[in-house]
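A quick write-up on the structure given underneath.
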Amino acid sequence: MLVDAHCHLPGGTGGTEDLEALLDRARSAGVQGFVTVGTSLADAHQVLAAVKAHKNLQASLGVHPHEAKTWDSATEQRLSILLGDPDVRFVGETGLDWHYDLSPRETQETVFRAQIRLARRFGKPLMIHTREAGEDTLRILQEEGAEHVRGVIHCFSEDKAFAARALDLGFYLSFSGILTFKKAQAVQEVAAWAPEDRILVETDSPYLAPVPFRGKANEPAYVTYVAERLAALRGLSFARVAELTTRNLEALCGWVPSS
Ligand SMILES: [Zn+2]
Ligand SMILES: [Zn+2]
């Protein structure tokens, strides 16, 4: 049994495709559980509705750094109501994106800090997005006491030094289709080296399809390609990687999909 630890499903930012058909394709491939991720308050309601309507879906709700400019006190208040729902397992995705800079950096930082505080208030782990902002992300996690709730570095694309510091804070590293890209040696090296009780797999679908689907639409069924690559890099069987990553997600957020 495999779990996709981070995907965006139809209905939210994930497009308009039929959700049940997409989940069926994933189940046929052996993917049984899904953490579906919101990126804004507008998105959050749709994500939560999908979680309530389908089996073995859980939510991560928060405001993505791209959307940080939409944050105000009303957002915080409404988000905090949704975070009380037991099917919401993570706060995020939240973090910093210095690559696209779609929200002003100061705003991204303020909104990131506010969501770490929310995570601590609700005792839920964080779902972290960081791009070209590794140093600042780690510093803020540290300053805000994120080690008390821990979380996931989603779509891991940093180096070993970053990984070591994130692991020290109790965080888990979630590997995506990037692991299958030829030029991703630094990420592959981390995937081979990271402690086996801290690794996860995800698609980040509909983005970042793994080889051999690179450039096409991604979907949760393809997390099998990520798990296969991870297994090869670590010299483990596919079944062992499936078991490990499912157990790791449970250890972090308390949820395991039912069979
Ligand atoms: Zn992200
Ligand atoms: Zn995402």
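Naming works like this for the structure tokens: A, B, ... for the chains as they're shown, residue 1 at the start of each chain, ligands 1 onward in shown order.
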Considering only C-alpha atoms and all ligand atoms, give me a table of residues in chain A that are at most 12 Å from ligand 1, with the closest atom pair and distance in Å for each, as a Markdown table.
| residue | atom | partner | partner_atom_place_in_ligand_line | distance |
| --- | --- | --- | --- | --- |
| A:Ala5 | CA | ligand 1 | 1 (Zn) | 11.9 |
| A:His6 | CA | ligand 1 | 1 (Zn) | 8.7 |
| A:Cys7 | CA | ligand 1 | 1 (Zn) | 9.4 |
| A:His8 | CA | ligand 1 | 1 (Zn) | 9.8 |
| A:Thr13 | CA | ligand 1 | 1 (Zn) | 11.8 |
| A:Thr36 | CA | ligand 1 | 1 (Zn) | 11.9 |
| A:Val37 | CA | ligand 1 | 1 (Zn) | 9.2 |
| A:Gly38 | CA | ligand 1 | 1 (Zn) | 10.1 |
| A:Thr39 | CA | ligand 1 | 1 (Zn) | 8.7 |
| A:Ser60 | CA | ligand 1 | 1 (Zn) | 11.7 |
| A:Gly62 | CA | ligand 1 | 1 (Zn) | 11.3 |
| A:Val63 | CA | ligand 1 | 1 (Zn) | 10.6 |
| A:His64 | CA | ligand 1 | 1 (Zn) | 7.4 |
| A:Pro65 | CA | ligand 1 | 1 (Zn) | 8.7 |
| A:His66 | CA | ligand 1 | 1 (Zn) | 9.5 |
| A:Glu67 | CA | ligand 1 | 1 (Zn) | 11.6 |
| A:Gly92 | CA | ligand 1 | 1 (Zn) | 9.1 |
| A:Glu93 | CA | ligand 1 | 1 (Zn) | 6.4 |
| A:Thr94 | CA | ligand 1 | 1 (Zn) | 8.0 |
| A:Gly95 | CA | ligand 1 | 1 (Zn) | 8.6 |
| A:Leu96 | CA | ligand 1 | 1 (Zn) | 9.5 |
| A:Asp97 | CA | ligand 1 | 1 (Zn) | 8.9 |
| A:His99 | CA | ligand 1 | 1 (Zn) | 11.9 |
| A:Tyr100 | CA | ligand 1 | 1 (Zn) | 11.8 |
| A:Met127 | CA | ligand 1 | 1 (Zn) | 8.6 |
| A:Ile128 | CA | ligand 1 | 1 (Zn) | 7.3 |
| A:His129 | CA | ligand 1 | 1 (Zn) | 4.5 |
| A:Thr130 | CA | ligand 1 | 1 (Zn) | 7.2 |
| A:Arg131 | CA | ligand 1 | 1 (Zn) | 8.4 |
| A:Val152 | CA | ligand 1 | 1 (Zn) | 10.9 |
| A:Ile153 | CA | ligand 1 | 1 (Zn) | 9.1 |
| A:His154 | CA | ligand 1 | 1 (Zn) | 6.5 |
| A:Cys155 | CA | ligand 1 | 1 (Zn) | 6.6 |
| A:Phe156 | CA | ligand 1 | 1 (Zn) | 9.4 |
| A:Ser157 | CA | ligand 1 | 1 (Zn) | 10.7 |
| A:Ser174 | CA | ligand 1 | 1 (Zn) | 11.0 |
| A:Phe175 | CA | ligand 1 | 1 (Zn) | 11.8 |
| A:Ser176 | CA | ligand 1 | 1 (Zn) | 10.7 |
| A:Glu202 | CA | ligand 1 | 1 (Zn) | 11.0 |
| A:Thr203 | CA | ligand 1 | 1 (Zn) | 10.6 |
| A:Asp204 | CA | ligand 1 | 1 (Zn) | 7.2 |
| A:Ser205 | CA | ligand 1 | 1 (Zn) | 10.2 |
| A:Pro206 | CA | ligand 1 | 1 (Zn) | 11.4 |
| A:Tyr207 | CA | ligand 1 | 1 (Zn) | 9.5 |
| A:Leu208 | CA | ligand 1 | 1 (Zn) | 10.5 |
### Task
From a DSSP pass on the backbone, collect the residues of region 42-240 of chain A flagged as strand (DSSP E) and hand them back as a PyMOL selection string.
chain A and resi 57-61+88-97+126-131+151-153+172-175+199-201
Serialized selection, C-alpha atoms, as a PDB file, in the first residue's frame:
ATOM      1  CA  LEU A  57      -8.401  11.257   1.482  1.00  0.00           C
ATOM      2  CA  GLN A  58      -7.072  13.621   4.128  1.00  0.00           C
ATOM      3  CA  ALA A  59      -6.368  17.321   3.865  1.00  0.00           C
ATOM      4  CA  SER A  60      -3.556  19.766   4.341  1.00  0.00           C
ATOM      5  CA  LEU A  61      -4.923  23.299   4.493  1.00  0.00           C
ATOM      6  CA  VAL A  88      -7.241  18.141   8.275  1.00  0.00           C
ATOM      7  CA  ARG A  89      -3.917  16.542   9.148  1.00  0.00           C
ATOM      8  CA  PHE A  90      -1.451  19.270   8.137  1.00  0.00           C
ATOM      9  CA  VAL A  91      -1.148  23.038   8.037  1.00  0.00           C
ATOM     10  CA  GLY A  92       0.088  24.200   4.628  1.00  0.00           C
ATOM     11  CA  GLU A  93       1.336  24.298   2.113  1.00  0.00           C
ATOM     12  CA  THR A  94       3.135  27.237   3.592  1.00  0.00           C
ATOM     13  CA  GLY A  95       6.692  28.493   3.373  1.00  0.00           C
ATOM     14  CA  LEU A  96       8.800  30.733   1.168  1.00  0.00           C
ATOM     15  CA  ASP A  97       9.258  30.901  -2.590  1.00  0.00           C
ATOM     16  CA  LEU A 126       3.356  21.614   8.800  1.00  0.00           C
ATOM     17  CA  MET A 127       3.435  21.037   5.033  1.00  0.00           C
ATOM     18  CA  ILE A 128       6.396  23.131   3.889  1.00  0.00           C
ATOM     19  CA  HIS A 129       7.021  24.575   0.425  1.00  0.00           C
ATOM     20  CA  THR A 130      10.469  26.108   0.030  1.00  0.00           C
ATOM     21  CA  ARG A 131      12.131  27.216  -3.165  1.00  0.00           C
ATOM     22  CA  GLY A 151       6.191  18.520   9.381  1.00  0.00           C
ATOM     23  CA  VAL A 152       7.036  17.643   5.791  1.00  0.00           C
ATOM     24  CA  ILE A 153       9.541  19.326   3.475  1.00  0.00           C
ATOM     25  CA  TYR A 172      10.323  14.475   7.173  1.00  0.00           C
ATOM     26  CA  LEU A 173      11.585  14.651   3.589  1.00  0.00           C
ATOM     27  CA  SER A 174       9.030  14.006   0.868  1.00  0.00           C
ATOM     28  CA  PHE A 175      10.406  13.001  -2.526  1.00  0.00           C
ATOM     29  CA  ILE A 199      11.185   9.552   4.107  1.00  0.00           C
ATOM     30  CA  LEU A 200       7.911  10.045   2.239  1.00  0.00           C
ATOM     31  CA  VAL A 201       6.781   9.961  -1.389  1.00  0.00           C
TER      32      VAL A 201
END
Name all residues at most 10 Å from region 145-148 of chain A (count only C-alpha atoms; drop same-chain ones fewer than 5 positions away) and give them as a PDB file with N, CA and C atoms, in the first residue's frame.
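As a result, selection_34.pdb now contains:
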ATOM      1  N   ARG A 113       5.073  32.709   9.198  1.00  0.00           N
ATOM      2  CA  ARG A 113       5.144  32.710  10.674  1.00  0.00           C
ATOM      3  C   ARG A 113       3.761  32.511  11.288  1.00  0.00           C
ATOM      4  N   ILE A 116       2.839  28.848  11.094  1.00  0.00           N
ATOM      5  CA  ILE A 116       3.565  28.000  12.056  1.00  0.00           C
ATOM      6  C   ILE A 116       2.899  28.125  13.427  1.00  0.00           C
ATOM      7  N   ARG A 117       2.504  29.344  13.765  1.00  0.00           N
ATOM      8  CA  ARG A 117       1.823  29.544  15.063  1.00  0.00           C
ATOM      9  C   ARG A 117       0.484  28.823  15.101  1.00  0.00           C
ATOM     10  N   ALA A 119      -0.229  26.103  13.412  1.00  0.00           N
ATOM     11  CA  ALA A 119       0.100  24.678  13.529  1.00  0.00           C
ATOM     12  C   ALA A 119       0.383  24.322  14.988  1.00  0.00           C
ATOM     13  N   ARG A 120       1.097  25.180  15.658  1.00  0.00           N
ATOM     14  CA  ARG A 120       1.401  24.926  17.074  1.00  0.00           C
ATOM     15  C   ARG A 120       0.136  24.987  17.913  1.00  0.00           C
ATOM     16  N   GLY A 123      -1.635  21.832  17.197  1.00  0.00           N
ATOM     17  CA  GLY A 123      -0.843  20.622  17.383  1.00  0.00           C
ATOM     18  C   GLY A 123      -0.796  19.767  16.130  1.00  0.00           C
ATOM     19  N   LYS A 124      -0.805  20.411  14.951  1.00  0.00           N
ATOM     20  CA  LYS A 124      -0.753  19.667  13.684  1.00  0.00           C
ATOM     21  C   LYS A 124       0.553  19.972  12.960  1.00  0.00           C
ATOM     22  N   PRO A 125       1.116  18.964  12.275  1.00  0.00           N
ATOM     23  CA  PRO A 125       2.383  19.192  11.562  1.00  0.00           C
ATOM     24  C   PRO A 125       2.214  20.105  10.347  1.00  0.00           C
ATOM     25  N   LEU A 126       3.333  20.663   9.918  1.00  0.00           N
ATOM     26  CA  LEU A 126       3.356  21.614   8.800  1.00  0.00           C
ATOM     27  C   LEU A 126       3.641  20.917   7.473  1.00  0.00           C
ATOM     28  N   LEU A 138      14.579  27.574   7.063  1.00  0.00           N
ATOM     29  CA  LEU A 138      15.069  26.901   8.272  1.00  0.00           C
ATOM     30  C   LEU A 138      15.139  27.856   9.459  1.00  0.00           C
ATOM     31  N   ILE A 140      13.337  30.542  10.022  1.00  0.00           N
ATOM     32  CA  ILE A 140      11.993  30.871  10.531  1.00  0.00           C
ATOM     33  C   ILE A 140      11.380  29.675  11.260  1.00  0.00           C
ATOM     34  N   ALA A 166      16.945  20.128   8.542  1.00  0.00           N
ATOM     35  CA  ALA A 166      15.495  19.869   8.625  1.00  0.00           C
ATOM     36  C   ALA A 166      15.227  18.620   9.474  1.00  0.00           C
ATOM     37  N   LEU A 167      16.047  17.603   9.293  1.00  0.00           N
ATOM     38  CA  LEU A 167      15.904  16.373  10.088  1.00  0.00           C
ATOM     39  C   LEU A 167      16.120  16.659  11.571  1.00  0.00           C
ATOM     40  N   ASP A 168      17.082  17.542  11.863  1.00  0.00           N
ATOM     41  CA  ASP A 168      17.338  17.930  13.254  1.00  0.00           C
ATOM     42  C   ASP A 168      16.117  18.585  13.900  1.00  0.00           C
ATOM     43  N   LEU A 169      15.320  19.261  13.084  1.00  0.00           N
ATOM     44  CA  LEU A 169      14.099  19.901  13.591  1.00  0.00           C
ATOM     45  C   LEU A 169      12.933  18.907  13.654  1.00  0.00           C
ATOM     46  N   GLY A 170      13.211  17.647  13.310  1.00  0.00           N
ATOM     47  CA  GLY A 170      12.165  16.618  13.376  1.00  0.00           C
ATOM     48  C   GLY A 170      11.347  16.495  12.106  1.00  0.00           C
ATOM     49  N   PHE A 171      11.774  17.167  11.038  1.00  0.00           N
ATOM     50  CA  PHE A 171      10.994  17.158   9.803  1.00  0.00           C
ATOM     51  C   PHE A 171      11.239  15.901   8.970  1.00  0.00           C
TER      52      PHE A 171
END
### Task
Measuring atom to atom with only C-alpha atoms, identify which of A:Val111, A:Val3, A:Leu236, A:Ala251 is nearest to Ala192 (chain A).
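Smallest separation from Ala192 (chain A) among the options: A:Leu236.
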### Message
DSSP on the backbone, helix (DSSP H, G or I) only: what residues of region 30-161 of chain A does that give? Format it as JSON, numbers by chain.
### Response
{"A": [41, 42, 43, 44, 45, 46, 47, 48, 49, 50, 51, 52, 53, 65, 66, 67, 68, 69, 70, 73, 74, 75, 76, 77, 78, 79, 80, 81, 82, 83, 105, 106, 107, 108, 109, 110, 111, 112, 113, 114, 115, 116, 117, 118, 119, 120, 121, 122, 134, 135, 136, 137, 138, 139, 140, 141, 142, 143, 146, 147, 148, 160, 161]}
### Query
Which residue gives the smallest distance to ligand 2 among A:Ala231, A:Leu9, A:Met1, A:Ala133, with only C-alpha atoms and all ligand atoms counted?
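Ranking A:Ala231, A:Leu9, A:Met1, A:Ala133 by distance to ligand 2, first place goes to A:Leu9.
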### Message
Set the distance at 10 Å and use only C-alpha atoms: which residues neighbour Trp193 (chain A) once local chain neighbours fewer than 3 positions away are removed? I'd like the list as a list in words.
### Response
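Those residues are Lys160, Ala163, Val187, Gln188, Glu189, Val190, Glu196, Leu233 and Arg234 of chain A.
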#### Entry: Selected residue, from A:Val223, A:Leu102, A:Val35, A:Leu23, that lies nearest to ligand 2 when counting only C-alpha atoms and all ligand atoms
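Nearest candidate to ligand 2 out of A:Val223, A:Leu102, A:Val35, A:Leu23: A:Val35.
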